[in-house]
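The structure appears right after this line, and notes come after that.
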Amino acid sequence: MRLLIAAAALAALLVSPARAEVVSASPGAFFIQAETEVPVPPEEAWRALTSLNRWWNSTHTYSGDARRLSLEARAGGCWCERWDGQSVEHARVVLVMEREGVRTLRAVGGLGPLQDMGAIGVMTFTVAPHASGAKITMTYRVAGEPGLNLEPLAPLVDQVLVEQIGRLSRYTASGSPDE
């Protein structure tokens with residue numbers, strides 16, 4: 001047991017910190033990119049990515065419980081949340097593909113308050129082989145009418161997404177999304 005705990009602690013130390021940035025922002029659109037490197041094979045990183053309910057922060061759900069999230073990793077699949085007879089479709093999966101060892105999952109939907117605003121987002125995750133294991137990249141392109149004034153929202157959405165990719169990174173490496 002001690003060996004297992006020590007191995008998990010070492011794996012967590014080997015995780016590169018998640019990096020994220022608002023690449024561009026305007027009144028009608030913004031683009032965020034985040035990435036992390038994890039010390040596990042790409043197949044393990046992919047399994048972790050698609051286990052959204054295990055690493056997403058419950059604070060950023062409607063139900064308050066990330067265990068109620070599901071992600072069907074197939075075209076037409078739902079990134080959904082269901083609880084007590086209620087449900088939310090956060091996004092719809094539009095692409096799941098592997099090319100030359102790089103896996104991609106793309107979902108379309110406005111997360112959180114973006115949905116109510118009528119803004120549309122395209123979130124793309126890629127998992128690629130890397131010298132130390134796998135590199136996970138996430139991009140989120142959001143667009144809406146310029147009157148929505150999306151520009152000031154970009155840093156706020158960036159904060160939420162960098163937190164999530166950090167949690168994914170830790171979960172992938174150690175089995176726990178918490179620090």
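Residues are referred to by chain and number: the chain letter is A, B, ... according to the order shown in the structure tokens, the number counts from 1 in that chain, and ligands are numbered separately from 1 in the order shown.
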Residues of range 115-138 of chain A within 9 Å of range 149-171 of chain A: nearest atom pair and distance (Å, one decimal) for each, counting only C-alpha atoms, sorted by chain and number, as CSV?
```
residue,atom,partner,partner_atom,distance
A:Ala119,CA,A:Leu150,CA,8.8
A:Ile136,CA,A:Ser169,CA,8.2
A:Thr137,CA,A:Ile165,CA,8.7
A:Met138,CA,A:Ile165,CA,7.9
```
- May I have all residues of range 3-99 of chain A that DSSP, computed from the backbone, assigns to alpha helix (DSSP H), given as a PyMOL selection string? chain A and resi 3-14+42-49+52-55
Could you please take those selected residues and save N, CA and C atoms as an mmCIF file, in the first residue's frame?
```
data_model
loop_
_atom_site.group_PDB
_atom_site.id
_atom_site.type_symbol
_atom_site.label_atom_id
_atom_site.label_comp_id
_atom_site.auth_asym_id
_atom_site.auth_seq_id
_atom_site.Cartn_x
_atom_site.Cartn_y
_atom_site.Cartn_z
ATOM 1 N N LEU A 3 3.821 1.573 -1.147
ATOM 2 C CA LEU A 3 4.433 1.685 -2.467
ATOM 3 C C LEU A 3 3.464 2.310 -3.460
ATOM 4 N N LEU A 4 2.192 1.931 -3.395
ATOM 5 C CA LEU A 4 1.167 2.485 -4.280
ATOM 6 C C LEU A 4 0.993 3.980 -4.029
ATOM 7 N N ILE A 5 0.946 4.385 -2.766
ATOM 8 C CA ILE A 5 0.811 5.801 -2.416
ATOM 9 C C ILE A 5 2.033 6.577 -2.879
ATOM 10 N N ALA A 6 3.221 6.014 -2.682
ATOM 11 C CA ALA A 6 4.452 6.682 -3.113
ATOM 12 C C ALA A 6 4.492 6.823 -4.630
ATOM 13 N N ALA A 7 4.040 5.793 -5.343
ATOM 14 C CA ALA A 7 4.022 5.861 -6.807
ATOM 15 C C ALA A 7 3.051 6.930 -7.291
ATOM 16 N N ALA A 8 1.885 7.026 -6.661
ATOM 17 C CA ALA A 8 0.905 8.054 -7.038
ATOM 18 C C ALA A 8 1.449 9.444 -6.757
ATOM 19 N N ALA A 9 2.127 9.610 -5.621
ATOM 20 C CA ALA A 9 2.711 10.918 -5.287
ATOM 21 C C ALA A 9 3.794 11.291 -6.290
ATOM 22 N N LEU A 10 4.624 10.331 -6.680
ATOM 23 C CA LEU A 10 5.664 10.595 -7.669
ATOM 24 C C LEU A 10 5.061 10.958 -9.016
ATOM 25 N N ALA A 11 4.027 10.242 -9.423
ATOM 26 C CA ALA A 11 3.364 10.545 -10.697
ATOM 27 C C ALA A 11 2.800 11.957 -10.682
ATOM 28 N N ALA A 12 2.221 12.358 -9.571
ATOM 29 C CA ALA A 12 1.656 13.711 -9.467
ATOM 30 C C ALA A 12 2.753 14.761 -9.592
ATOM 31 N N LEU A 13 3.934 14.476 -9.061
ATOM 32 C CA LEU A 13 5.044 15.425 -9.163
ATOM 33 C C LEU A 13 5.566 15.541 -10.587
ATOM 34 N N LEU A 14 5.438 14.471 -11.366
ATOM 35 C CA LEU A 14 5.939 14.468 -12.730
ATOM 36 C C LEU A 14 5.022 15.175 -13.721
ATOM 37 N N PRO A 42 -0.661 7.525 -23.950
ATOM 38 C CA PRO A 42 -1.822 8.223 -24.506
ATOM 39 C C PRO A 42 -3.151 7.499 -24.285
ATOM 40 N N GLU A 43 -3.151 6.161 -24.310
ATOM 41 C CA GLU A 43 -4.390 5.417 -24.106
ATOM 42 C C GLU A 43 -4.965 5.684 -22.710
ATOM 43 N N GLU A 44 -4.094 5.753 -21.698
ATOM 44 C CA GLU A 44 -4.554 6.049 -20.337
ATOM 45 C C GLU A 44 -5.056 7.486 -20.241
ATOM 46 N N ALA A 45 -4.360 8.405 -20.899
ATOM 47 C CA ALA A 45 -4.793 9.808 -20.888
ATOM 48 C C ALA A 45 -6.160 9.945 -21.551
ATOM 49 N N TRP A 46 -6.395 9.204 -22.628
ATOM 50 C CA TRP A 46 -7.694 9.245 -23.315
ATOM 51 C C TRP A 46 -8.795 8.717 -22.399
ATOM 52 N N ARG A 47 -8.529 7.592 -21.726
ATOM 53 C CA ARG A 47 -9.535 7.033 -20.805
ATOM 54 C C ARG A 47 -9.859 8.041 -19.697
ATOM 55 N N ALA A 48 -8.842 8.714 -19.198
ATOM 56 C CA ALA A 48 -9.068 9.720 -18.157
ATOM 57 C C ALA A 48 -9.910 10.869 -18.705
ATOM 58 N N LEU A 49 -9.558 11.363 -19.877
ATOM 59 C CA LEU A 49 -10.296 12.468 -20.498
ATOM 60 C C LEU A 49 -11.777 12.131 -20.620
ATOM 61 N N LEU A 52 -15.030 12.165 -17.616
ATOM 62 C CA LEU A 52 -15.270 13.550 -17.199
ATOM 63 C C LEU A 52 -15.810 13.655 -15.772
ATOM 64 N N ASN A 53 -16.677 12.744 -15.409
ATOM 65 C CA ASN A 53 -17.300 12.786 -14.079
ATOM 66 C C ASN A 53 -16.304 12.537 -12.953
ATOM 67 N N ARG A 54 -15.125 12.083 -13.257
ATOM 68 C CA ARG A 54 -14.118 11.792 -12.234
ATOM 69 C C ARG A 54 -13.157 12.950 -11.985
ATOM 70 N N TRP A 55 -13.072 13.899 -12.916
ATOM 71 C CA TRP A 55 -12.101 14.979 -12.737
ATOM 72 C C TRP A 55 -12.682 16.393 -12.816
#
```
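Shortest separation to Ala107 in chain A among A:Trp56, A:Phe31, A:Phe125, A:Trp83 occurs at residue A:Phe125, atoms counted being only C-alpha atoms.
Taking CA of Ser63 in chain A and CA of Ser87 in chain A as endpoints, the distance between them is 8.9 Å.
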- Item | All strand (DSSP E or B) positions in range 11-177 of chain A, as an NGL selection string | :A and (19-26 or 29-38 or 69-71 or 78-83 or 86-99 or 102-108 or 120-130 or 133-143)
Output the selection as a PDB file, in the first residue's frame - C-alpha atoms for each residue.
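Produced file result.pdb, reproduced below:
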```pdb
ATOM      1  CA  ARG A  19      -0.770  26.065 -19.255  1.00  0.00           C
ATOM      2  CA  ALA A  20      -3.611  28.113 -20.657  1.00  0.00           C
ATOM      3  CA  GLU A  21      -4.089  31.391 -22.383  1.00  0.00           C
ATOM      4  CA  VAL A  22      -6.687  33.544 -23.999  1.00  0.00           C
ATOM      5  CA  VAL A  23      -5.292  33.503 -27.529  1.00  0.00           C
ATOM      6  CA  SER A  24      -7.742  36.123 -28.788  1.00  0.00           C
ATOM      7  CA  ALA A  25     -10.844  37.955 -27.613  1.00  0.00           C
ATOM      8  CA  SER A  26     -13.277  40.436 -29.123  1.00  0.00           C
ATOM      9  CA  ALA A  29     -15.697  35.865 -29.945  1.00  0.00           C
ATOM     10  CA  PHE A  30     -12.813  34.447 -27.966  1.00  0.00           C
ATOM     11  CA  PHE A  31     -10.358  31.583 -28.291  1.00  0.00           C
ATOM     12  CA  ILE A  32      -8.720  29.777 -25.368  1.00  0.00           C
ATOM     13  CA  GLN A  33      -6.018  27.143 -25.527  1.00  0.00           C
ATOM     14  CA  ALA A  34      -4.716  24.999 -22.665  1.00  0.00           C
ATOM     15  CA  GLU A  35      -2.315  22.096 -22.514  1.00  0.00           C
ATOM     16  CA  THR A  36      -0.603  19.744 -20.133  1.00  0.00           C
ATOM     17  CA  GLU A  37       1.780  16.820 -20.291  1.00  0.00           C
ATOM     18  CA  VAL A  38       1.164  13.682 -18.257  1.00  0.00           C
ATOM     19  CA  LEU A  69     -21.842  14.285 -15.615  1.00  0.00           C
ATOM     20  CA  SER A  70     -21.489  11.888 -18.509  1.00  0.00           C
ATOM     21  CA  LEU A  71     -19.619  12.050 -21.784  1.00  0.00           C
ATOM     22  CA  CYS A  78     -23.962  13.840 -25.126  1.00  0.00           C
ATOM     23  CA  TRP A  79     -21.850  15.750 -22.616  1.00  0.00           C
ATOM     24  CA  CYS A  80     -24.733  15.786 -20.190  1.00  0.00           C
ATOM     25  CA  GLU A  81     -25.660  16.192 -16.561  1.00  0.00           C
ATOM     26  CA  ARG A  82     -28.678  14.457 -15.037  1.00  0.00           C
ATOM     27  CA  TRP A  83     -30.098  14.649 -11.508  1.00  0.00           C
ATOM     28  CA  GLN A  86     -33.530  17.408 -14.357  1.00  0.00           C
ATOM     29  CA  SER A  87     -30.936  17.473 -17.102  1.00  0.00           C
ATOM     30  CA  VAL A  88     -28.588  19.723 -19.049  1.00  0.00           C
ATOM     31  CA  GLU A  89     -26.882  19.079 -22.350  1.00  0.00           C
ATOM     32  CA  HIS A  90     -23.643  21.014 -21.981  1.00  0.00           C
ATOM     33  CA  ALA A  91     -22.378  20.036 -25.424  1.00  0.00           C
ATOM     34  CA  ARG A  92     -22.904  17.567 -28.256  1.00  0.00           C
ATOM     35  CA  VAL A  93     -19.947  15.453 -29.423  1.00  0.00           C
ATOM     36  CA  VAL A  94     -19.397  16.009 -33.136  1.00  0.00           C
ATOM     37  CA  LEU A  95     -16.073  14.238 -33.704  1.00  0.00           C
ATOM     38  CA  VAL A  96     -14.101  11.359 -32.235  1.00  0.00           C
ATOM     39  CA  MET A  97     -11.125  10.447 -34.360  1.00  0.00           C
ATOM     40  CA  GLU A  98      -7.647   8.957 -34.266  1.00  0.00           C
ATOM     41  CA  ARG A  99      -4.980   9.808 -36.840  1.00  0.00           C
ATOM     42  CA  VAL A 102      -3.344  11.421 -32.036  1.00  0.00           C
ATOM     43  CA  ARG A 103      -6.880  11.132 -30.677  1.00  0.00           C
ATOM     44  CA  THR A 104      -9.333  14.009 -30.968  1.00  0.00           C
ATOM     45  CA  LEU A 105     -12.686  14.641 -29.326  1.00  0.00           C
ATOM     46  CA  ARG A 106     -14.706  17.715 -30.373  1.00  0.00           C
ATOM     47  CA  ALA A 107     -17.932  18.921 -28.768  1.00  0.00           C
ATOM     48  CA  VAL A 108     -20.167  21.869 -29.644  1.00  0.00           C
ATOM     49  CA  ILE A 120     -21.810  28.759 -29.315  1.00  0.00           C
ATOM     50  CA  GLY A 121     -18.576  27.090 -28.333  1.00  0.00           C
ATOM     51  CA  VAL A 122     -16.466  24.445 -30.027  1.00  0.00           C
ATOM     52  CA  MET A 123     -14.255  22.560 -27.566  1.00  0.00           C
ATOM     53  CA  THR A 124     -11.572  20.282 -28.944  1.00  0.00           C
ATOM     54  CA  PHE A 125      -9.397  17.915 -26.921  1.00  0.00           C
ATOM     55  CA  THR A 126      -6.404  16.152 -28.433  1.00  0.00           C
ATOM     56  CA  VAL A 127      -4.308  13.471 -26.793  1.00  0.00           C
ATOM     57  CA  ALA A 128      -0.948  12.935 -28.466  1.00  0.00           C
ATOM     58  CA  PRO A 129       2.120  10.850 -27.674  1.00  0.00           C
ATOM     59  CA  HIS A 130       4.858  12.847 -25.959  1.00  0.00           C
ATOM     60  CA  GLY A 133       3.910  10.075 -21.904  1.00  0.00           C
ATOM     61  CA  ALA A 134       1.050  12.091 -23.390  1.00  0.00           C
ATOM     62  CA  LYS A 135       0.252  15.692 -24.177  1.00  0.00           C
ATOM     63  CA  ILE A 136      -3.357  16.823 -23.722  1.00  0.00           C
ATOM     64  CA  THR A 137      -4.431  19.984 -25.529  1.00  0.00           C
ATOM     65  CA  MET A 138      -7.788  21.689 -25.169  1.00  0.00           C
ATOM     66  CA  THR A 139      -9.087  24.556 -27.284  1.00  0.00           C
ATOM     67  CA  TYR A 140     -12.364  26.408 -26.852  1.00  0.00           C
ATOM     68  CA  ARG A 141     -13.621  28.736 -29.575  1.00  0.00           C
ATOM     69  CA  VAL A 142     -16.683  30.753 -28.620  1.00  0.00           C
ATOM     70  CA  ALA A 143     -18.656  33.023 -30.939  1.00  0.00           C
TER      71      ALA A 143
END
```
- Query: Could you name the residues that touch Met117 in chain A at 10 Å or less, counting only C-alpha atoms, but leaving out those on the same chain fewer than 2 positions away, as a ChimeraX atom specification?
  - Reply: /A:110,112-115,119-120,144-145,148,150
Can you write just those residues out, N, CA and C atoms, as a PDB file, in the first residue's frame?
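Below is the file again_30.pdb, written as the result:
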```
ATOM      1  N   GLY A 110     -22.381  25.811 -25.699  1.00  0.00           N
ATOM      2  CA  GLY A 110     -21.993  26.914 -24.831  1.00  0.00           C
ATOM      3  C   GLY A 110     -22.038  26.448 -23.388  1.00  0.00           C
ATOM      4  N   GLY A 112     -21.965  26.628 -19.331  1.00  0.00           N
ATOM      5  CA  GLY A 112     -22.391  27.557 -18.292  1.00  0.00           C
ATOM      6  C   GLY A 112     -23.259  28.677 -18.823  1.00  0.00           C
ATOM      7  N   PRO A 113     -22.938  29.933 -18.446  1.00  0.00           N
ATOM      8  CA  PRO A 113     -23.776  31.065 -18.842  1.00  0.00           C
ATOM      9  C   PRO A 113     -23.748  31.335 -20.342  1.00  0.00           C
ATOM     10  N   LEU A 114     -22.774  30.789 -21.059  1.00  0.00           N
ATOM     11  CA  LEU A 114     -22.703  30.998 -22.505  1.00  0.00           C
ATOM     12  C   LEU A 114     -23.921  30.392 -23.195  1.00  0.00           C
ATOM     13  N   GLN A 115     -24.448  29.308 -22.635  1.00  0.00           N
ATOM     14  CA  GLN A 115     -25.612  28.657 -23.224  1.00  0.00           C
ATOM     15  C   GLN A 115     -26.809  29.599 -23.213  1.00  0.00           C
ATOM     16  N   ALA A 119     -24.455  32.073 -27.151  1.00  0.00           N
ATOM     17  CA  ALA A 119     -23.128  31.935 -27.750  1.00  0.00           C
ATOM     18  C   ALA A 119     -22.879  30.451 -27.985  1.00  0.00           C
ATOM     19  N   ILE A 120     -22.124  30.148 -29.004  1.00  0.00           N
ATOM     20  CA  ILE A 120     -21.810  28.759 -29.315  1.00  0.00           C
ATOM     21  C   ILE A 120     -20.316  28.539 -29.134  1.00  0.00           C
ATOM     22  N   GLY A 144     -20.448  34.590 -30.848  1.00  0.00           N
ATOM     23  CA  GLY A 144     -21.821  35.057 -30.691  1.00  0.00           C
ATOM     24  C   GLY A 144     -21.914  36.446 -31.298  1.00  0.00           C
ATOM     25  N   GLU A 145     -23.063  37.052 -31.201  1.00  0.00           N
ATOM     26  CA  GLU A 145     -23.202  38.390 -31.768  1.00  0.00           C
ATOM     27  C   GLU A 145     -22.339  39.371 -30.970  1.00  0.00           C
ATOM     28  N   LEU A 148     -23.064  40.807 -27.440  1.00  0.00           N
ATOM     29  CA  LEU A 148     -22.917  40.024 -26.216  1.00  0.00           C
ATOM     30  C   LEU A 148     -21.718  40.479 -25.386  1.00  0.00           C
ATOM     31  N   LEU A 150     -18.444  39.504 -25.424  1.00  0.00           N
ATOM     32  CA  LEU A 150     -17.800  38.314 -24.886  1.00  0.00           C
ATOM     33  C   LEU A 150     -16.373  38.565 -24.387  1.00  0.00           C
TER      34      LEU A 150
END
```
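Atom pair CA of Glu72 in chain A / CA of Asp116 in chain A has a distance of 23.0 Å (rounded to one decimal).
Counting from CA of Pro41 in chain A, the distance to CA of Glu179 in chain A is 21.3 Å.
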